[in-house]
Amino acid sequence: MSTTSSASTPAPRPPTSTTSESQSLFGEEVESIPVENPQQQGTKRRTTSDVWNHFKKKNIDGKVKAQCNYCGRFMAGASTSGTTHLKLHIAKSCPSAPKEGTDIRKQVLVKQHNRARSKGISSPSVFNEEDQKASRRDLARMVILHEYPLAIVDHVGFRDFVGGLRPNFKIVGRNTLKRDIKKIYNEKKQKTMVEIDKNASKVAITTDLWTANNSKRSFMVITAHYISGSWTLESRVIRFIRMPSPHDKYSLSKILLECLSDWNIDLKLSAITVDNASNNDGMMKLVLDKLQASSLILGGKLLHVRCAAHILNLVVQEGLNVIGDGIEKVRSSVYFWTQSPKRTEIFEKVSRQSHIASTKELVLDCRTRWNSTYLMLSTALIYKDVFPRLLCCESQYQSAPTNRDWEVAQIVCEKLGYFHKVTELLSGTAYPTANHYFPSVFQLKLELNQWLSSEDELVKKMAAKMLAKFDKYWSDVHDIMSLAIVLDPRYKLMLLTFYFNKMYGSKANEEIDKVKNLLFELFAEFDIENIDRGVIYSQVSSCTSTSTSTSSAAHEHDDTMRDYDLFVSNATTNIGQRSRDIISEFELYTSEKVAPRTENFDVLGWWKRNASKYPTLQRIARDILAIPMTTVASESAFSTSGRLLSPHRSRLHHDTLEALMCGQSWLWSELKSVLKDATIQNILDDYEEDELEESHAMELSD
């Protein structure tokens, strides 16, 4: 009997049956058939040649035939016929056989698959056309989710990995991958459109315009925000569109209006949050003129929301302008000692000699970003005793900060610390509902008022300038922030009264009444919307006679009576009754005890549970709390767009970029609905556990 290596070929089974199966060199089961000599029936000959991975032996009319696994052709298969003709068939004649260079594992899997099918059983090695499509989709989804380059499909290491994991999978090229990505984008776009359209609440929009650092192309990102039927705050990037020059108010308004119309948001829009650029002011005026005032909250009174983060930036920049050269020596010293590796080594050596425990690195600020100035000063202050010693180490270093310079740096750092904390809140990745902003922003206002009483003239000048800028923009965010805090059951009118008494003094009640009146206007508007939808409130029937109620009941499905219902609801007596009902619901809400002020209080969950108790207030809360007070949700798109437009993607078509950006937003939203703590992972998130733990320990020691 002919055999291969004894280490890889198991011993033959007892010759009690005419056929058996054994393991080939590759771990594959191959058939053994009896030899043609009937007197040697107890002996079996094994098919040891690799060519039998491509053929099956069959007994036809008493003759042994070899059937090709690919084209099905029958050829001589007896042992006396040899295998040369079979090899030539596979190598040259068979139109369907794998050619030279094909992984042998694929051949084995094909034979296993064919045998499993012939026996009517499933095999884990089965990989059909549907599996190929599913794997292609998984590949495209992976690239979208984690920002892998499209060229990954050409990388040798990746292709080898996939080939080893699933030899049957045919790796696609970049163009096919791009088509698969756009297919996912189109599918998810339709799904997101339907989701937003069917959602009962209004939709808020944030938008911003950025120019990528490594290209001359500009992009406008538009993000939709709304509270879903399950009372969760949702955000979706709905456009990531290239913006050709000029970036004037006409171009901006045209693109924004087209987007609102395409997504059917123009009739359910609550507010648009933008930064404080002058072209945005012009854009908002044009948008307001084009939209139907009747579809907007209070006729568009709350439509234009200025980004609170940008307002804080303007306020702080005003204060830093007063300081001027007060921190210039600190800045120049940081610049000097961060300019070369050799200087950095000298600085670190002197720091260790000075027994400075911190390992934080000096970082130079960007003058247009005040938070970088704060971080520069806070780090430099740790090493303030090191800089004088450096005068002896480097002859070119001659501008060490004086004691007064450090005093100014200390003052500025302390004053900017609170602004930095609030900015981190506004710029958080978990975008808070509108009620989160009021306490922090009001506290900033009180801090500035206190600075006016400082004994340090520099602080007083800073405070005066910053207060003037704060008051200029305060009215633009005052209304929505105040409404949002009243709709927080932990505060209601209590926090408003607390802060307004400190801010407005004797005029506090007047300011509180303005907020109440604004809320009553919303009550009336939402009440009319319910009438327009055919919802007849109990107060209407209570103000009409029994006969009228009976008549209304008889015709409740008759659209011809709808105008009559609207007429009755607008009658003077009914307006008075409805106003009393409005006040009654509001008074019930404000008279009850405030909810506990716990750290993890779920304001949306509270309104979901209390819908039947406060039906109108709940609808108002659902629309107001979803309005973002900052454009951070749009700007965060550019925290990844910097990578999207990095060198390996800088030449991608803008349609592909939009598919990647929007697709990532939609796919991660789906994942977060299942994995509550899911965070966006991307190609740059690379670290080792021990490095992360060491870094965390250093931060704690600092």
# chains A, B, ... in the order shown; residues from 1 in each chain; ligands from 1
call {"tool": "residues_around", "arguments": {"residues": "segment 608-615 of chain A", "least_positions_apart": "3", "cutoff": "8 Å", "atoms": "only C-alpha atoms", "output": "MDAnalysis selection string"}}
result
chainID A and resid 230:231 585 589 604:605 618:619
call {"tool": "residues_around", "arguments": {"residues": "segment 591-594 of chain A", "least_positions_apart": "4", "cutoff": "10 Å", "atoms": "only C-alpha atoms", "output": "MDAnalysis selection string"}}
result
chainID A and resid 488:494 585:587
call {"tool": "select_by_dssp", "arguments": {"residues": "segment 85-254 of chain A", "states": "strand (DSSP E or B)", "output": "VMD selection string"}}
result
chain A and resid 203 to 211 218 to 227 233 to 242
call {"tool": "residues_around", "arguments": {"residues": "Ser333 of chain A", "least_positions_apart": "3", "cutoff": "9 Å", "atoms": "only C-alpha atoms", "output": "list in words"}}
result
Glu328, Lys329, Val330, Phe336, Trp337, Thr338, Phe387, Tyr397, Ser399, Ala400 and Pro401 of chain A
call {"tool": "atom_distance", "arguments": {"atom1": "atom CA of Val274 of chain A", "atom2": "atom CA of Val305 of chain A"}}
result
6.5 Å
call {"tool": "residues_around", "arguments": {"residues": "Asp197 of chain A", "least_positions_apart": "3", "cutoff": "8 Å", "atoms": "only C-alpha atoms", "output": "list in words"}}
result
Met193, Val194, Ala200, Trp263, Asn264 and Ile265 of chain A
call {"tool": "select_by_dssp", "arguments": {"residues": "segment 244-419 of chain A", "states": "helix (DSSP H, G or I)", "output": "ChimeraX atom specification"}}
result
/A:249-262,278-290,293-295,297-300,308-336,341-353,370-382,386-390,403-419
call {"tool": "residues_around", "arguments": {"residues": "Ala224 of chain A", "least_positions_apart": "4", "cutoff": "6 Å", "atoms": "only C-alpha atoms", "output": "PyMOL selection string"}}
result
chain A and resi 204-205+235-236
